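**Student:** Sharing entry-v1.pdb, PDB, N, CA and C atoms, pLDDT in the B column:
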```pdb
ATOM      1  N   MET A   1    -160.349 143.088 -38.574  1.00 66.00           N
ATOM      2  CA  MET A   1    -160.143 144.487 -38.839  1.00 66.00           C
ATOM      3  C   MET A   1    -158.828 144.651 -39.585  1.00 66.00           C
ATOM      4  N   ARG A   2    -158.817 145.551 -40.531  1.00 81.00           N
ATOM      5  CA  ARG A   2    -157.626 145.782 -41.325  1.00 81.00           C
ATOM      6  C   ARG A   2    -156.545 146.471 -40.517  1.00 81.00           C
ATOM      7  N   LYS A   3    -155.316 146.129 -40.827  1.00 84.00           N
ATOM      8  CA  LYS A   3    -154.183 146.754 -40.148  1.00 84.00           C
ATOM      9  C   LYS A   3    -154.164 148.259 -40.401  1.00 84.00           C
ATOM     10  N   SER A   4    -154.538 148.653 -41.613  1.00 86.00           N
ATOM     11  CA  SER A   4    -154.504 150.077 -41.938  1.00 86.00           C
ATOM     12  C   SER A   4    -155.499 150.863 -41.094  1.00 86.00           C
ATOM     13  N   THR A   5    -156.644 150.274 -40.809  1.00 90.00           N
ATOM     14  CA  THR A   5    -157.646 150.947 -39.994  1.00 90.00           C
ATOM     15  C   THR A   5    -157.146 151.136 -38.572  1.00 90.00           C
ATOM     16  N   VAL A   6    -156.527 150.108 -38.043  1.00 91.00           N
ATOM     17  CA  VAL A   6    -155.968 150.185 -36.690  1.00 91.00           C
ATOM     18  C   VAL A   6    -154.858 151.226 -36.644  1.00 91.00           C
ATOM     19  N   GLN A   7    -153.988 151.200 -37.646  1.00 92.00           N
ATOM     20  CA  GLN A   7    -152.862 152.129 -37.681  1.00 92.00           C
ATOM     21  C   GLN A   7    -153.362 153.568 -37.801  1.00 92.00           C
ATOM     22  N   LYS A   8    -154.413 153.774 -38.589  1.00 94.00           N
ATOM     23  CA  LYS A   8    -154.966 155.113 -38.742  1.00 94.00           C
ATOM     24  C   LYS A   8    -155.545 155.608 -37.420  1.00 94.00           C
ATOM     25  N   GLY A   9    -156.219 154.734 -36.695  1.00 94.00           N
ATOM     26  CA  GLY A   9    -156.784 155.097 -35.396  1.00 94.00           C
ATOM     27  C   GLY A   9    -155.704 155.439 -34.387  1.00 94.00           C
ATOM     28  N   LYS A  10    -154.649 154.631 -34.362  1.00 95.00           N
ATOM     29  CA  LYS A  10    -153.540 154.902 -33.440  1.00 95.00           C
ATOM     30  C   LYS A  10    -152.899 156.255 -33.770  1.00 95.00           C
ATOM     31  N   GLY A  11    -152.770 156.529 -35.050  1.00 96.00           N
ATOM     32  CA  GLY A  11    -152.178 157.798 -35.470  1.00 96.00           C
ATOM     33  C   GLY A  11    -153.027 158.979 -35.042  1.00 96.00           C
ATOM     34  N   ALA A  12    -154.339 158.834 -35.169  1.00 96.00           N
ATOM     35  CA  ALA A  12    -155.241 159.914 -34.772  1.00 96.00           C
ATOM     36  C   ALA A  12    -155.143 160.168 -33.268  1.00 96.00           C
ATOM     37  N   VAL A  13    -155.065 159.097 -32.502  1.00 97.00           N
ATOM     38  CA  VAL A  13    -154.945 159.238 -31.039  1.00 97.00           C
ATOM     39  C   VAL A  13    -153.633 159.941 -30.694  1.00 97.00           C
ATOM     40  N   LYS A  14    -152.548 159.527 -31.330  1.00 96.00           N
ATOM     41  CA  LYS A  14    -151.255 160.157 -31.063  1.00 96.00           C
ATOM     42  C   LYS A  14    -151.284 161.639 -31.423  1.00 96.00           C
ATOM     43  N   GLU A  15    -151.886 161.943 -32.561  1.00 96.00           N
ATOM     44  CA  GLU A  15    -151.932 163.333 -33.002  1.00 96.00           C
ATOM     45  C   GLU A  15    -152.712 164.196 -32.006  1.00 96.00           C
ATOM     46  N   VAL A  16    -153.862 163.714 -31.577  1.00 97.00           N
ATOM     47  CA  VAL A  16    -154.676 164.459 -30.617  1.00 97.00           C
ATOM     48  C   VAL A  16    -153.944 164.596 -29.281  1.00 97.00           C
ATOM     49  N   ALA A  17    -153.314 163.523 -28.839  1.00 97.00           N
ATOM     50  CA  ALA A  17    -152.567 163.574 -27.579  1.00 97.00           C
ATOM     51  C   ALA A  17    -151.414 164.565 -27.685  1.00 97.00           C
ATOM     52  N   GLY A  18    -150.765 164.583 -28.818  1.00 97.00           N
ATOM     53  CA  GLY A  18    -149.664 165.517 -29.021  1.00 97.00           C
ATOM     54  C   GLY A  18    -150.135 166.961 -28.996  1.00 97.00           C
ATOM     55  N   LYS A  19    -151.276 167.223 -29.636  1.00 96.00           N
ATOM     56  CA  LYS A  19    -151.836 168.572 -29.627  1.00 96.00           C
ATOM     57  C   LYS A  19    -152.239 168.974 -28.213  1.00 96.00           C
ATOM     58  N   ALA A  20    -152.861 168.052 -27.490  1.00 97.00           N
ATOM     59  CA  ALA A  20    -153.357 168.359 -26.149  1.00 97.00           C
ATOM     60  C   ALA A  20    -152.219 168.645 -25.175  1.00 97.00           C
ATOM     61  N   THR A  21    -151.107 167.946 -25.337  1.00 97.00           N
ATOM     62  CA  THR A  21    -150.000 168.110 -24.400  1.00 97.00           C
ATOM     63  C   THR A  21    -148.942 169.085 -24.904  1.00 97.00           C
ATOM     64  N   GLY A  22    -149.100 169.552 -26.127  1.00 96.00           N
ATOM     65  CA  GLY A  22    -148.105 170.453 -26.689  1.00 96.00           C
ATOM     66  C   GLY A  22    -146.844 169.739 -27.145  1.00 96.00           C
ATOM     67  N   ASN A  23    -146.941 168.426 -27.320  1.00 96.00           N
ATOM     68  CA  ASN A  23    -145.801 167.612 -27.734  1.00 96.00           C
ATOM     69  C   ASN A  23    -145.813 167.509 -29.264  1.00 96.00           C
ATOM     70  N   SER A  24    -145.007 168.337 -29.911  1.00 96.00           N
ATOM     71  CA  SER A  24    -145.018 168.371 -31.381  1.00 96.00           C
ATOM     72  C   SER A  24    -144.479 167.077 -31.989  1.00 96.00           C
ATOM     73  N   ARG A  25    -143.580 166.409 -31.293  1.00 97.00           N
ATOM     74  CA  ARG A  25    -143.032 165.151 -31.810  1.00 97.00           C
ATOM     75  C   ARG A  25    -144.118 164.075 -31.872  1.00 97.00           C
ATOM     76  N   LEU A  26    -144.912 163.971 -30.809  1.00 97.00           N
ATOM     77  CA  LEU A  26    -145.990 162.986 -30.774  1.00 97.00           C
ATOM     78  C   LEU A  26    -147.049 163.309 -31.829  1.00 97.00           C
ATOM     79  N   GLU A  27    -147.336 164.583 -31.999  1.00 97.00           N
ATOM     80  CA  GLU A  27    -148.296 165.008 -33.017  1.00 97.00           C
ATOM     81  C   GLU A  27    -147.803 164.627 -34.419  1.00 97.00           C
ATOM     82  N   ALA A  28    -146.535 164.871 -34.684  1.00 97.00           N
ATOM     83  CA  ALA A  28    -145.952 164.522 -35.979  1.00 97.00           C
ATOM     84  C   ALA A  28    -145.946 163.012 -36.191  1.00 97.00           C
ATOM     85  N   GLU A  29    -145.671 162.255 -35.126  1.00 97.00           N
ATOM     86  CA  GLU A  29    -145.706 160.786 -35.209  1.00 97.00           C
ATOM     87  C   GLU A  29    -147.103 160.312 -35.593  1.00 97.00           C
ATOM     88  N   GLY A  30    -148.106 160.939 -35.002  1.00 97.00           N
ATOM     89  CA  GLY A  30    -149.490 160.576 -35.301  1.00 97.00           C
ATOM     90  C   GLY A  30    -149.831 160.832 -36.756  1.00 97.00           C
ATOM     91  N   LYS A  31    -149.419 161.984 -37.245  1.00 97.00           N
ATOM     92  CA  LYS A  31    -149.680 162.309 -38.656  1.00 97.00           C
ATOM     93  C   LYS A  31    -148.957 161.317 -39.569  1.00 97.00           C
ATOM     94  N   SER A  32    -147.738 160.970 -39.192  1.00 96.00           N
ATOM     95  CA  SER A  32    -146.953 160.016 -39.965  1.00 96.00           C
ATOM     96  C   SER A  32    -147.639 158.641 -40.001  1.00 96.00           C
ATOM     97  N   ASP A  33    -148.131 158.204 -38.855  1.00 95.00           N
ATOM     98  CA  ASP A  33    -148.837 156.921 -38.794  1.00 95.00           C
ATOM     99  C   ASP A  33    -150.068 156.923 -39.691  1.00 95.00           C
ATOM    100  N   GLN A  34    -150.780 158.035 -39.698  1.00 96.00           N
ATOM    101  CA  GLN A  34    -151.977 158.118 -40.528  1.00 96.00           C
ATOM    102  C   GLN A  34    -151.629 158.083 -42.011  1.00 96.00           C
ATOM    103  N   MET A  35    -150.547 158.747 -42.393  1.00 96.00           N
ATOM    104  CA  MET A  35    -150.127 158.729 -43.793  1.00 96.00           C
ATOM    105  C   MET A  35    -149.679 157.328 -44.204  1.00 96.00           C
ATOM    106  N   ALA A  36    -148.988 156.635 -43.309  1.00 95.00           N
ATOM    107  CA  ALA A  36    -148.562 155.260 -43.595  1.00 95.00           C
ATOM    108  C   ALA A  36    -149.784 154.356 -43.757  1.00 95.00           C
ATOM    109  N   ALA A  37    -150.806 154.592 -42.958  1.00 95.00           N
ATOM    110  CA  ALA A  37    -152.031 153.801 -43.054  1.00 95.00           C
ATOM    111  C   ALA A  37    -152.718 154.041 -44.397  1.00 95.00           C
ATOM    112  N   GLU A  38    -152.719 155.279 -44.860  1.00 95.00           N
ATOM    113  CA  GLU A  38    -153.319 155.577 -46.163  1.00 95.00           C
ATOM    114  C   GLU A  38    -152.553 154.872 -47.286  1.00 95.00           C
ATOM    115  N   ALA A  39    -151.237 154.831 -47.176  1.00 95.00           N
ATOM    116  CA  ALA A  39    -150.428 154.131 -48.175  1.00 95.00           C
ATOM    117  C   ALA A  39    -150.740 152.636 -48.144  1.00 95.00           C
ATOM    118  N   ARG A  40    -150.874 152.085 -46.938  1.00 93.00           N
ATOM    119  CA  ARG A  40    -151.205 150.668 -46.797  1.00 93.00           C
ATOM    120  C   ARG A  40    -152.578 150.378 -47.417  1.00 93.00           C
ATOM    121  N   GLU A  41    -153.538 151.279 -47.216  1.00 93.00           N
ATOM    122  CA  GLU A  41    -154.868 151.104 -47.806  1.00 93.00           C
ATOM    123  C   GLU A  41    -154.783 151.067 -49.324  1.00 93.00           C
ATOM    124  N   ALA A  42    -153.966 151.942 -49.889  1.00 94.00           N
ATOM    125  CA  ALA A  42    -153.800 151.962 -51.346  1.00 94.00           C
ATOM    126  C   ALA A  42    -153.224 150.643 -51.842  1.00 94.00           C
ATOM    127  N   ILE A  43    -152.254 150.121 -51.124  1.00 93.00           N
ATOM    128  CA  ILE A  43    -151.659 148.832 -51.493  1.00 93.00           C
ATOM    129  C   ILE A  43    -152.703 147.727 -51.388  1.00 93.00           C
ATOM    130  N   GLU A  44    -153.513 147.757 -50.340  1.00 91.00           N
ATOM    131  CA  GLU A  44    -154.564 146.750 -50.170  1.00 91.00           C
ATOM    132  C   GLU A  44    -155.564 146.809 -51.328  1.00 91.00           C
ATOM    133  N   ARG A  45    -155.885 148.031 -51.789  1.00 93.00           N
ATOM    134  CA  ARG A  45    -156.817 148.168 -52.920  1.00 93.00           C
ATOM    135  C   ARG A  45    -156.208 147.580 -54.189  1.00 93.00           C
ATOM    136  N   VAL A  46    -154.916 147.816 -54.406  1.00 95.00           N
ATOM    137  CA  VAL A  46    -154.244 147.277 -55.589  1.00 95.00           C
ATOM    138  C   VAL A  46    -154.247 145.750 -55.540  1.00 95.00           C
ATOM    139  N   HIS A  47    -153.962 145.191 -54.386  1.00 94.00           N
ATOM    140  CA  HIS A  47    -153.955 143.730 -54.234  1.00 94.00           C
ATOM    141  C   HIS A  47    -155.346 143.161 -54.497  1.00 94.00           C
ATOM    142  N   ALA A  48    -156.360 143.800 -53.955  1.00 94.00           N
ATOM    143  CA  ALA A  48    -157.726 143.319 -54.159  1.00 94.00           C
ATOM    144  C   ALA A  48    -158.099 143.387 -55.636  1.00 94.00           C
ATOM    145  N   SER A  49    -157.713 144.452 -56.281  1.00 95.00           N
ATOM    146  CA  SER A  49    -158.003 144.605 -57.706  1.00 95.00           C
ATOM    147  C   SER A  49    -157.282 143.538 -58.526  1.00 95.00           C
ATOM    148  N   ALA A  50    -156.046 143.263 -58.187  1.00 95.00           N
ATOM    149  CA  ALA A  50    -155.279 142.236 -58.904  1.00 95.00           C
ATOM    150  C   ALA A  50    -155.891 140.861 -58.694  1.00 95.00           C
ATOM    151  N   ARG A  51    -156.310 140.569 -57.447  1.00 94.00           N
ATOM    152  CA  ARG A  51    -156.963 139.284 -57.177  1.00 94.00           C
ATOM    153  C   ARG A  51    -158.248 139.142 -57.982  1.00 94.00           C
ATOM    154  N   LYS A  52    -159.026 140.226 -58.032  1.00 94.00           N
ATOM    155  CA  LYS A  52    -160.290 140.177 -58.770  1.00 94.00           C
ATOM    156  C   LYS A  52    -160.025 139.959 -60.258  1.00 94.00           C
ATOM    157  N   ALA A  53    -159.042 140.642 -60.811  1.00 93.00           N
ATOM    158  CA  ALA A  53    -158.704 140.480 -62.219  1.00 93.00           C
ATOM    159  C   ALA A  53    -158.246 139.051 -62.497  1.00 93.00           C
ATOM    160  N   ARG A  54    -157.437 138.501 -61.600  1.00 92.00           N
ATOM    161  CA  ARG A  54    -156.965 137.129 -61.762  1.00 92.00           C
ATOM    162  C   ARG A  54    -158.134 136.147 -61.744  1.00 92.00           C
ATOM    163  N   ASP A  55    -159.041 136.335 -60.773  1.00 91.00           N
ATOM    164  CA  ASP A  55    -160.198 135.436 -60.662  1.00 91.00           C
ATOM    165  C   ASP A  55    -161.117 135.560 -61.864  1.00 91.00           C
ATOM    166  N   ASP A  56    -161.312 136.781 -62.349  1.00 89.00           N
ATOM    167  CA  ASP A  56    -162.159 136.978 -63.530  1.00 89.00           C
ATOM    168  C   ASP A  56    -161.545 136.305 -64.747  1.00 89.00           C
ATOM    169  N   THR A  57    -160.219 136.390 -64.868  1.00 89.00           N
ATOM    170  CA  THR A  57    -159.531 135.755 -65.985  1.00 89.00           C
ATOM    171  C   THR A  57    -159.656 134.245 -65.912  1.00 89.00           C
ATOM    172  N   LYS A  58    -159.507 133.684 -64.714  1.00 84.00           N
ATOM    173  CA  LYS A  58    -159.654 132.236 -64.538  1.00 84.00           C
ATOM    174  C   LYS A  58    -161.050 131.784 -64.921  1.00 84.00           C
ATOM    175  N   ARG A  59    -162.075 132.547 -64.508  1.00 84.00           N
ATOM    176  CA  ARG A  59    -163.464 132.170 -64.816  1.00 84.00           C
ATOM    177  C   ARG A  59    -163.743 132.231 -66.306  1.00 84.00           C
ATOM    178  N   SER A  60    -163.207 133.244 -66.977  1.00 82.00           N
ATOM    179  CA  SER A  60    -163.482 133.397 -68.407  1.00 82.00           C
ATOM    180  C   SER A  60    -162.760 132.346 -69.237  1.00 82.00           C
ATOM    181  N   ASN A  61    -161.641 131.834 -68.734  1.00 78.00           N
ATOM    182  CA  ASN A  61    -160.884 130.803 -69.460  1.00 78.00           C
ATOM    183  C   ASN A  61    -161.403 129.400 -69.185  1.00 78.00           C
ATOM    184  N   SER A  62    -162.222 129.245 -68.175  1.00 68.00           N
ATOM    185  CA  SER A  62    -162.722 127.912 -67.823  1.00 68.00           C
ATOM    186  C   SER A  62    -163.895 127.494 -68.634  1.00 68.00           C
TER     187      SER A  62
END
```
Mind converting the file's structure to structure tokens?

**Tutor:**
Amino acid sequence: MRKSTVQKGKGAVKEVAGKATGNSRLEAEGKSDQMAAEAREAIERVHASARKARDDTKRSNS
């Protein structure tokens, strides 16, 4: 499982727990975790795209 998926899930749990208990700090932490997970996903997509481009270039040059 991807780290970003786990982080997004943890953030969602924190956000819901914060809303349920009225703890605005915990709710904000949850939202922050989810945003960090989205950024991590974007980085993972860029890495995957770069790997694919590299592999395609290697195949075409061989």

**Student:** Got a sec: who's within 6.5 Å of A:Ala17, counting only N, CA and C atoms, leaving out chain neighbours fewer than 5 positions off, as a list in words?

**Tutor:** Ala12, Gly22, Asn23, Leu26 and Glu27 of chain A

**Student:** To one decimal place, how far is atom N of A:Lys10 from atom N of A:Arg45 in Å?

**Tutor:**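 Here the two named atoms are 18.7 Å from each other.
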
**Student:** May I ask which of the residues A:Thr5, A:Thr57, A:Ala48, A:Gly11 is the closest one to A:Ser32, counting only C-alpha atoms?

**Tutor:**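 Closest to A:Ser32, using only C-alpha atoms: A:Gly11.
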
**Student:** Could you work out how far atom CA of A:Gln7 lies from atom CA of A:Asp33, giving the answer in Å with one decimal?

**Tutor:**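 Between atom CA of A:Asp33 and atom CA of A:Gln7 the gap works out to 6.4 Å.
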
**Student:** Please indicate the distance in Å from atom C of A:Glu41 to atom CA of A:Glu29, rounded to one decimal place.

**Tutor:**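 Value for the atom C of A:Glu41-atom CA of A:Glu29 distance: 19.4 Å.
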
**Student:** Around stretch 44-55 of chain A, fit a box with edges along x, y and z, padding it by 6 Å on each side, then list its centre and edge lengths in Å to one decimal as JSON.

**Tutor:**
```
{"center_x": -157.3, "center_y": 141.8, "center_z": -56.3, "size_x": 19.6, "size_y": 24.7, "size_z": 24.3}
```

**Student:** A:Ala28, A:Ile43, A:Ala37, A:Thr21: which is nearest A:Lys3, counting only N, CA and C atoms?

**Tutor:**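 For A:Lys3, the nearest of the given residues is A:Ala37.
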
**Student:** Calculated over all atoms listed in the file, which of the candidates A:Ser4, A:Val13, A:Lys19, A:Ala53 has the smallest distance to A:Ala36?

**Tutor:**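 Residue with the minimum atom-to-atom distance to A:Ala36: A:Ser4.
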